[in-house]
>>> print(open('final-v8.cif').read())   # mmCIF, C-alpha atoms
data_work
loop_
_atom_site.label_atom_id
_atom_site.label_comp_id
_atom_site.auth_asym_id
_atom_site.auth_seq_id
_atom_site.Cartn_x
_atom_site.Cartn_y
_atom_site.Cartn_z
CA MET A 21 17.33 -0.95 -6.98
CA THR A 22 14.81 1.37 -5.36
CA ILE A 23 11.87 2.30 -7.59
CA SER A 24 10.52 5.81 -7.38
CA ILE A 25 6.71 5.57 -7.40
CA LEU A 26 3.98 8.23 -7.64
CA ILE A 27 0.47 7.21 -6.58
CA VAL A 28 -2.29 9.47 -7.94
CA ASP A 29 -5.77 8.94 -6.49
CA ASP A 30 -8.30 11.28 -4.89
CA SER A 31 -9.08 8.61 -2.32
CA ASN A 32 -6.72 8.55 0.64
CA PHE A 33 -7.99 5.04 1.40
CA SER A 34 -7.17 3.86 -2.10
CA ARG A 35 -3.65 5.31 -1.91
CA HIS A 36 -3.22 3.64 1.48
CA MET A 37 -4.30 0.25 0.08
CA LEU A 38 -1.89 0.54 -2.83
CA LYS A 39 0.98 1.50 -0.51
CA LYS A 40 0.16 -1.51 1.66
CA ALA A 41 0.22 -3.79 -1.39
CA ILE A 42 3.56 -2.36 -2.53
CA GLN A 43 5.05 -2.91 0.93
CA ALA A 44 3.61 -6.42 1.17
CA SER A 45 5.11 -7.24 -2.23
CA ASN A 46 8.58 -6.37 -0.90
CA ILE A 47 9.17 -3.92 -3.74
CA ALA A 48 12.01 -1.62 -2.79
CA SER A 49 10.46 1.75 -3.40
CA HIS A 50 10.12 5.37 -2.49
CA VAL A 51 6.48 6.41 -2.70
CA THR A 52 5.08 9.91 -3.30
CA GLU A 53 1.35 10.65 -3.30
CA ALA A 54 -0.88 13.07 -5.20
CA CYS A 55 -4.65 13.52 -4.88
CA ASN A 56 -5.37 14.49 -8.49
CA GLY A 57 -3.77 14.90 -11.92
CA LEU A 58 -2.73 18.51 -11.39
CA LYS A 59 -0.90 17.69 -8.16
CA ALA A 60 0.73 14.76 -9.94
CA LEU A 61 2.09 17.03 -12.66
CA ASP A 62 3.40 19.38 -9.96
CA ALA A 63 5.22 16.42 -8.40
CA CYS A 64 6.62 15.43 -11.81
CA ASP A 65 8.05 18.95 -12.15
CA THR A 66 10.31 18.40 -9.17
CA GLN A 67 10.95 14.65 -9.12
CA ASN A 68 11.64 11.85 -11.57
CA PHE A 69 9.40 8.82 -11.19
CA ASP A 70 10.02 5.33 -12.52
CA VAL A 71 6.38 4.34 -12.08
CA ILE A 72 3.10 6.25 -11.80
CA PHE A 73 -0.06 4.52 -10.58
CA LEU A 74 -3.14 6.57 -11.34
CA ASP A 75 -6.89 6.43 -10.91
CA LEU A 76 -9.20 7.54 -13.73
CA THR A 77 -12.10 9.21 -11.95
CA MET A 78 -10.67 12.16 -10.08
CA PRO A 79 -11.69 15.79 -9.56
CA GLU A 80 -9.60 18.68 -10.92
CA MET A 81 -7.85 16.56 -13.54
CA SER A 82 -8.94 13.05 -14.53
CA GLY A 83 -6.62 10.12 -15.09
CA TYR A 84 -7.20 10.34 -18.85
CA ASP A 85 -6.08 13.97 -18.87
CA LEU A 86 -3.08 13.09 -16.75
CA LEU A 87 -2.05 10.29 -19.14
CA ASP A 88 -2.39 12.73 -22.02
CA ALA A 89 -0.27 15.32 -20.21
CA LEU A 90 2.39 12.71 -19.41
CA LYS A 91 2.46 11.69 -23.06
CA GLN A 92 2.93 15.33 -24.11
CA ARG A 93 5.82 15.60 -21.64
CA ASN A 94 7.40 12.39 -22.96
CA PHE A 95 7.27 10.81 -19.50
CA ALA A 96 10.15 8.32 -19.47
CA GLY A 97 8.77 5.97 -16.79
CA LYS A 98 5.83 3.60 -16.90
CA SER A 99 2.28 4.57 -15.99
CA PHE A 100 -0.29 2.08 -14.71
CA VAL A 101 -4.00 2.74 -14.35
CA VAL A 102 -5.57 1.44 -11.13
CA SER A 103 -9.29 1.82 -11.57
CA ALA A 104 -12.72 0.33 -11.03
CA ASP A 105 -13.72 1.52 -14.50
CA VAL A 106 -13.03 -1.69 -16.38
CA GLN A 107 -14.87 -0.93 -19.61
CA GLU A 108 -13.03 -2.30 -22.63
CA LYS A 109 -13.11 1.15 -24.19
CA ALA A 110 -11.64 2.67 -21.03
CA VAL A 111 -8.76 0.19 -21.09
CA GLU A 112 -8.21 0.79 -24.82
CA ARG A 113 -8.28 4.57 -24.32
CA CYS A 114 -5.69 4.27 -21.54
CA ARG A 115 -3.43 2.11 -23.71
CA ASN A 116 -3.69 4.66 -26.52
CA LEU A 117 -2.70 7.38 -24.07
CA GLY A 118 0.43 5.47 -23.16
CA ALA A 119 -0.53 3.44 -20.08
CA ALA A 120 1.69 0.38 -19.71
CA GLY A 121 -0.90 -1.59 -17.76
CA PHE A 122 -4.30 -1.63 -16.14
CA ILE A 123 -5.01 -2.97 -12.65
CA ARG A 124 -8.59 -3.52 -11.54
CA LYS A 125 -9.92 -2.21 -8.23
CA PRO A 126 -10.29 -3.54 -5.63
CA LEU A 127 -6.56 -4.03 -5.88
CA LYS A 128 -5.09 -7.48 -5.32
CA GLU A 129 -1.42 -7.83 -4.42
CA SER A 130 -1.06 -10.66 -6.95
CA ASP A 131 -2.40 -8.39 -9.77
CA LEU A 132 0.07 -5.70 -8.80
CA ILE A 133 3.06 -8.05 -8.87
CA GLN A 134 1.95 -9.74 -12.09
CA THR A 135 1.46 -6.40 -13.86
CA LEU A 136 4.82 -4.99 -12.75
CA GLN A 137 6.61 -8.21 -13.67
CA GLY A 138 4.86 -8.31 -17.04
CA CYS A 139 6.20 -4.85 -17.84
CA GLY A 140 9.69 -5.62 -16.59
CA VAL A 141 9.52 -3.14 -13.68
CA ILE A 142 10.33 -5.91 -11.22
CA SER A 143 11.76 -9.35 -11.82
CA MET B 3 -31.29 15.66 12.64
CA SER B 4 -31.96 12.99 15.19
CA LYS B 5 -30.00 13.10 18.42
CA ASP B 6 -28.39 9.70 17.90
CA LYS B 7 -27.36 10.35 14.33
CA GLN B 8 -24.48 8.17 13.16
CA CYS B 9 -21.73 10.42 11.90
CA PHE B 10 -18.83 9.48 9.68
CA SER B 11 -15.50 11.24 9.70
CA SER B 12 -14.04 12.55 6.44
CA GLU B 13 -11.64 9.55 6.42
CA GLU B 14 -14.58 7.17 6.82
CA PHE B 15 -16.52 8.93 4.06
CA ASP B 16 -13.47 8.51 1.85
CA VAL B 17 -13.57 4.73 2.36
CA ILE B 18 -17.33 4.62 1.70
CA ARG B 19 -16.87 6.70 -1.47
CA GLU B 20 -14.16 4.33 -2.70
CA ILE B 21 -16.37 1.27 -2.14
CA VAL B 22 -19.17 3.04 -4.03
CA ASN B 23 -16.67 4.01 -6.74
CA ILE B 24 -15.74 0.35 -7.25
CA SER B 25 -19.41 -0.66 -7.47
CA MET B 26 -20.04 2.18 -9.93
CA GLY B 27 -17.17 0.93 -12.09
CA SER B 28 -18.68 -2.57 -12.28
CA ALA B 29 -22.15 -1.20 -13.05
CA GLY B 30 -20.74 1.21 -15.65
CA SER B 31 -18.88 -1.65 -17.32
CA LEU B 32 -22.07 -3.70 -17.48
CA LEU B 33 -24.00 -0.75 -18.90
CA ALA B 34 -21.26 -0.27 -21.50
CA GLU B 35 -21.65 -3.90 -22.55
CA TYR B 36 -25.42 -3.49 -22.89
CA ILE B 37 -25.20 -0.32 -24.92
CA GLY B 38 -21.93 -0.94 -26.74
CA ALA B 39 -20.69 2.55 -25.95
CA PHE B 40 -18.35 4.26 -23.54
CA VAL B 41 -19.98 5.19 -20.23
CA THR B 42 -18.66 8.31 -18.54
CA LEU B 43 -18.34 7.88 -14.79
CA SER B 44 -18.27 10.72 -12.27
CA VAL B 45 -16.98 10.85 -8.71
CA PRO B 46 -19.89 9.43 -6.66
CA ASN B 47 -21.57 11.76 -4.21
CA VAL B 48 -21.77 10.25 -0.72
CA ARG B 49 -23.31 12.05 2.23
CA MET B 50 -25.74 11.94 5.14
CA ILE B 51 -29.08 13.56 4.47
CA ASP B 52 -32.14 14.40 6.53
CA GLN B 53 -35.65 14.90 5.14
CA GLU B 54 -35.12 18.55 4.25
CA ALA B 55 -31.85 17.84 2.46
CA SER B 56 -33.41 14.94 0.57
CA SER B 57 -36.09 17.26 -0.78
CA ILE B 58 -33.49 19.80 -1.95
CA THR B 59 -31.32 17.04 -3.46
CA LEU B 60 -34.15 15.46 -5.43
CA ASN B 61 -35.49 18.81 -6.63
CA LYS B 62 -32.02 19.77 -7.88
CA LEU B 63 -31.53 16.41 -9.54
CA GLY B 64 -34.90 16.63 -11.29
CA VAL B 65 -33.81 19.79 -13.11
CA GLU B 66 -31.38 17.69 -15.18
CA TYR B 67 -34.19 15.67 -16.75
CA ASP B 68 -37.24 16.02 -18.95
CA ALA B 69 -40.05 13.56 -18.19
CA ILE B 70 -38.67 10.96 -15.78
CA ASN B 71 -39.16 7.25 -15.20
CA ILE B 72 -38.38 5.80 -11.82
CA THR B 73 -37.97 2.37 -10.27
CA ARG B 74 -37.58 1.38 -6.64
CA GLN B 75 -35.69 -1.66 -5.38
CA SER B 76 -35.51 -2.47 -1.69
CA PHE B 77 -32.62 -4.30 -0.11
CA SER B 78 -32.35 -5.92 3.28
CA GLY B 79 -29.90 -7.78 5.47
CA ALA B 80 -26.95 -6.21 7.26
CA LEU B 81 -27.17 -3.53 4.60
CA SER B 82 -30.71 -2.25 4.20
CA GLY B 83 -32.43 0.54 2.37
CA GLU B 84 -33.96 1.54 -0.91
CA ALA B 85 -32.39 2.10 -4.31
CA ILE B 86 -33.98 4.43 -6.82
CA PHE B 87 -33.19 4.39 -10.53
CA ILE B 88 -34.04 7.48 -12.59
CA ILE B 89 -33.91 7.80 -16.35
CA ASP B 90 -35.62 10.28 -18.61
CA ASN B 91 -37.82 9.49 -21.60
CA SER B 92 -35.31 10.29 -24.31
CA SER B 93 -32.63 8.11 -22.66
CA ASN B 94 -35.07 5.23 -22.28
CA GLN B 95 -36.09 5.53 -25.92
CA GLU B 96 -32.46 5.60 -27.05
CA MET B 97 -31.66 2.50 -24.95
CA SER B 98 -34.74 0.71 -26.30
CA SER B 99 -33.58 1.41 -29.82
CA ILE B 100 -30.01 0.21 -29.15
CA LEU B 101 -31.24 -2.96 -27.45
CA GLY B 102 -33.57 -3.70 -30.35
CA TYR B 103 -36.81 -3.19 -28.45
CA LYS B 104 -39.69 -1.31 -29.93
CA ALA B 105 -39.67 2.22 -28.55
CA CYS B 106 -43.17 1.75 -27.24
CA GLU B 107 -44.44 -1.64 -26.06
CA ASP B 108 -47.30 -0.39 -23.90
CA ASN B 109 -50.34 1.40 -25.17
CA ASN B 110 -50.34 5.13 -24.55
CA LYS B 111 -46.73 5.08 -23.32
CA ASN B 112 -43.71 6.69 -24.89
CA ILE B 113 -41.30 4.60 -22.87
CA ASN B 114 -40.45 0.93 -22.76
CA THR B 115 -41.00 -0.45 -19.26
CA ASP B 116 -39.16 -3.73 -20.02
CA VAL B 117 -36.02 -1.75 -20.78
CA LEU B 118 -36.56 0.43 -17.73
CA LEU B 119 -36.76 -2.62 -15.45
CA GLU B 120 -33.92 -4.50 -17.14
CA ILE B 121 -31.43 -1.62 -17.01
CA SER B 122 -32.53 -0.63 -13.54
CA GLN B 123 -32.07 -4.15 -12.21
CA ALA B 124 -28.66 -4.53 -13.88
CA ILE B 125 -27.30 -1.25 -12.51
CA ILE B 126 -28.84 -1.34 -9.05
CA GLY B 127 -28.16 -5.06 -8.64
CA THR B 128 -24.48 -4.64 -9.51
CA CYS B 129 -24.04 -1.59 -7.29
CA ILE B 130 -25.73 -3.13 -4.25
CA ARG B 131 -23.93 -6.48 -4.66
CA ASP B 132 -20.52 -4.80 -4.88
CA ILE B 133 -21.20 -2.41 -2.01
CA GLY B 134 -22.24 -5.37 0.17
CA GLN B 135 -19.08 -7.24 -0.85
CA GLY B 136 -16.94 -4.16 -0.27
CA PHE B 137 -18.18 -3.87 3.30
CA SER B 138 -18.43 -7.67 3.77
CA LEU B 139 -22.10 -7.22 4.70
CA ASP B 140 -24.93 -9.54 3.66
CA VAL B 141 -27.52 -7.92 1.46
CA TYR B 142 -30.60 -9.31 -0.25
CA LEU B 143 -32.31 -7.52 -3.11
CA SER B 144 -36.02 -7.49 -3.84
CA GLN B 145 -37.44 -7.21 -7.34
CA PRO B 146 -37.57 -3.69 -8.77
CA THR B 147 -40.93 -2.01 -9.16
CA ILE B 148 -41.84 0.96 -11.31
CA ILE B 149 -43.03 3.86 -9.20
CA GLY B 150 -43.53 6.37 -11.99
CA THR B 151 -43.32 6.75 -15.74
CA GLU B 152 -43.27 9.93 -17.79
CA GLN B 153 -43.55 12.05 -14.67
CA PRO B 154 -42.56 15.70 -14.40
CA PRO B 155 -39.22 16.05 -12.55
CA SER B 156 -40.94 18.26 -9.96
CA LYS B 157 -42.73 15.14 -8.68
CA LEU B 158 -39.52 13.25 -7.97
CA TYR B 159 -39.50 13.82 -4.21
CA ASP B 160 -43.16 12.82 -3.81
CA LEU B 161 -42.66 9.71 -5.91
CA VAL B 162 -39.60 8.61 -3.96
CA PHE B 163 -40.63 9.57 -0.44
CA GLY B 164 -44.37 10.08 -0.71
CA GLN B 165 -45.22 6.89 1.13
CA HIS B 166 -42.22 6.76 3.46
CA ASN B 167 -41.35 10.27 4.49
CA THR B 168 -42.32 10.04 8.14
CA ASN B 169 -40.37 6.97 9.19
CA TRP B 170 -36.78 8.13 9.08
CA HIS B 171 -34.53 10.96 10.21
CA ASP B 172 -31.12 10.49 8.63
CA LEU B 173 -30.04 8.38 5.70
CA LEU B 174 -26.73 7.68 4.02
CA LEU B 175 -27.15 8.72 0.39
CA LEU B 176 -24.99 7.23 -2.34
CA ASP B 177 -25.59 9.21 -5.53
CA ILE B 178 -24.19 7.64 -8.70
CA TYR B 179 -24.47 9.21 -12.14
CA PHE B 180 -23.90 7.55 -15.50
CA SER B 181 -23.83 9.27 -18.86
CA ILE B 182 -23.20 8.07 -22.39
CA GLU B 183 -22.33 11.18 -24.31
CA THR B 184 -22.36 9.64 -27.80
CA ASN B 185 -25.98 8.57 -27.36
CA LYS B 186 -27.15 11.39 -25.04
CA ILE B 187 -28.16 8.84 -22.42
CA LYS B 188 -28.07 9.73 -18.75
CA CYS B 189 -29.36 8.07 -15.61
CA HIS B 190 -29.01 8.20 -11.85
CA ALA B 191 -28.85 5.52 -9.19
CA LEU B 192 -29.70 6.85 -5.74
CA ILE B 193 -29.06 4.45 -2.88
CA PHE B 194 -30.56 5.37 0.48
CA ILE B 195 -29.13 3.36 3.36
CA THR B 196 -31.20 3.29 6.53
CA GLU B 197 -30.07 4.31 9.99
CA LYS B 198 -30.08 0.74 11.28
CA SER B 199 -27.25 -0.20 8.87
CA LEU B 200 -25.01 2.72 9.71
CA GLN B 201 -23.36 1.15 12.74
CA LYS B 202 -22.50 -1.94 10.70
CA ILE B 203 -21.02 0.22 7.94
CA HIS B 204 -19.11 2.16 10.54
CA ALA B 205 -17.56 -1.06 11.89
CA ALA B 206 -16.83 -2.36 8.36
CA VAL B 207 -15.15 0.90 7.33
CA ASN B 208 -12.94 0.91 10.39
CA GLN B 209 -11.94 -2.67 9.71
CA LEU B 210 -10.96 -1.69 6.15
CA MET B 211 -8.92 1.25 7.41
CA LEU B 212 -6.61 -0.98 9.48
#
>>> encode(input="final-v8.cif", output="structure tokens")
Amino acid sequence: MTISILIVDDSNFSRHMLKKAIQASNIASHVTEACNGLKALDACDTQNFDVIFLDLTMPEMSGYDLLDALKQRNFAGKSFVVSADVQEKAVERCRNLGAAGFIRKPLKESDLIQTLQGCGVIS
Amino acid sequence: MSKDKQCFSSEEFDVIREIVNISMGSAGSLLAEYIGAFVTLSVPNVRMIDQEASSITLNKLGVEYDAINITRQSFSGALSGEAIFIIDNSSNQEMSSILGYKACEDNNKNINTDVLLEISQAIIGTCIRDIGQGFSLDVYLSQPTIIGTEQPPSKLYDLVFGQHNTNWHDLLLLDIYFSIETNKIKCHALIFITEKSLQKIHAAVNQLML
């Protein structure tokens, strides 16, 4: 099964690294990119995503606001925060906003696989 | 600007900003543990500056503060430069209170210099360590020193560059801002990377982009 993935990060480099990790993990996927929360919501208007990876610190619309908006829209897929902001309260806030998991930057391929397996996205 | 100025492309700046972002996340997490509160992180500001731009930047930044307290911490190795930590009196007093220090340990001072040095070292140390790791560049930190306490913000430029303003042309500035809204605490870490490190950063960034 091919997983439809949306990567939301203002850093092109960060998106590139996540795409590389997804490819290296042999996850069958179709990846779309957005550079902030607003663009991500635009993408969600036209496509259905199984998984959304999102950063927290972004201009225009932060990751927290995006999680909140996805919750309001009853997003049916799973959202995962990929962030360097590893404060306990940040992780807790993300969980409360509906995030299925939290992956620490710099991203490790093993963390990606473990998180997706833990949530049943991949076996 | 000097003729041989090292320029970074927008893609290269994006990589540098992401490395700084990761270091900021670690430092913010540490600060959150110290204070026991949520630290708001902003997108770090990364850019090349010359002497004129540094004056404008520091004057603008000073407007955000009342009386300021400043430390300097040099770093050397493949990554070299100076890191400046800025915190205002009210934030220092609030941190002192949270950490269980007396608000005033020194005679005739309204700020606690132990707290200033401890927080400065924790934030700058974490940022510089992670930036060095991010670029795979060796970096060695000196001890922080206090270069001003309870100073008017208008003196920021003189305090930071007063003794060094003739020896450089262009610097890479990494400007990181932390705020804790529940406690009205705010502070800045300014990291100035010298020209001699720019080529090494350039090579490291291009390696990361592969």
>>> atom_distance(input="final-v8.cif", atom1="CA of Asp177 (chain B)", atom2="CA of Ser138 (chain B)")
20.6 Å
>>> resolve_selection(input="final-v8.cif", expression="the PyMOL selection byres ((chain A and resi 103-110) around 7)", output="ChimeraX atom specification")
/A:75-76,101-102,111-114,123-125 /B:23-24,27-28,31,34,40
>>> resolve_selection(input="final-v8.cif", expression="the PyMOL selection byres ((chain B) within 9 of (chain A))", output="list in words")
Glu13, Glu14, Asp16, Val17, Arg19, Glu20, Ile21, Asn23, Ile24, Ser25, Met26, Gly27, Ser28, Ala29, Gly30, Ser31, Leu32, Ala34, Glu35, Ala39, Phe40, Val41, Leu43, Ser44, Val45, Gly136, Leu210 and Met211 of chain B
>>> write_last_selection(input="final-v8.cif", atoms="C-alpha atoms", output="mmCIF file, in the coordinates of the input")
data_model
loop_
_atom_site.group_PDB
_atom_site.id
_atom_site.type_symbol
_atom_site.label_atom_id
_atom_site.label_comp_id
_atom_site.auth_asym_id
_atom_site.auth_seq_id
_atom_site.Cartn_x
_atom_site.Cartn_y
_atom_site.Cartn_z
ATOM 1 C CA GLU B 13 -11.640 9.550 6.420
ATOM 2 C CA GLU B 14 -14.580 7.170 6.820
ATOM 3 C CA ASP B 16 -13.470 8.510 1.850
ATOM 4 C CA VAL B 17 -13.570 4.730 2.360
ATOM 5 C CA ARG B 19 -16.870 6.700 -1.470
ATOM 6 C CA GLU B 20 -14.160 4.330 -2.700
ATOM 7 C CA ILE B 21 -16.370 1.270 -2.140
ATOM 8 C CA ASN B 23 -16.670 4.010 -6.740
ATOM 9 C CA ILE B 24 -15.740 0.350 -7.250
ATOM 10 C CA SER B 25 -19.410 -0.660 -7.470
ATOM 11 C CA MET B 26 -20.040 2.180 -9.930
ATOM 12 C CA GLY B 27 -17.170 0.930 -12.090
ATOM 13 C CA SER B 28 -18.680 -2.570 -12.280
ATOM 14 C CA ALA B 29 -22.150 -1.200 -13.050
ATOM 15 C CA GLY B 30 -20.740 1.210 -15.650
ATOM 16 C CA SER B 31 -18.880 -1.650 -17.320
ATOM 17 C CA LEU B 32 -22.070 -3.700 -17.480
ATOM 18 C CA ALA B 34 -21.260 -0.270 -21.500
ATOM 19 C CA GLU B 35 -21.650 -3.900 -22.550
ATOM 20 C CA ALA B 39 -20.690 2.550 -25.950
ATOM 21 C CA PHE B 40 -18.350 4.260 -23.540
ATOM 22 C CA VAL B 41 -19.980 5.190 -20.230
ATOM 23 C CA LEU B 43 -18.340 7.880 -14.790
ATOM 24 C CA SER B 44 -18.270 10.720 -12.270
ATOM 25 C CA VAL B 45 -16.980 10.850 -8.710
ATOM 26 C CA GLY B 136 -16.940 -4.160 -0.270
ATOM 27 C CA LEU B 210 -10.960 -1.690 6.150
ATOM 28 C CA MET B 211 -8.920 1.250 7.410
#
>>> atom_distance(input="final-v8.cif", atom1="CA of Ser122 (chain B)", atom2="CA of His204 (chain B)")
27.7 Å
>>> resolve_selection(input="final-v8.cif", expression="the PyMOL selection byres ((chain B and resi 50-62) around 7)", output="PyMOL selection string")
chain B and resi 3+49+63-65+156+158-159+171-175
>>> residues_around(input="final-v8.cif", residues="region 43-58 of chain A", least_positions_apart="4", cutoff="12 Å", atoms="all atoms listed in the file", output="PyMOL selection string")
chain A and resi 21-39+62-90+128-134+136-137+141-143
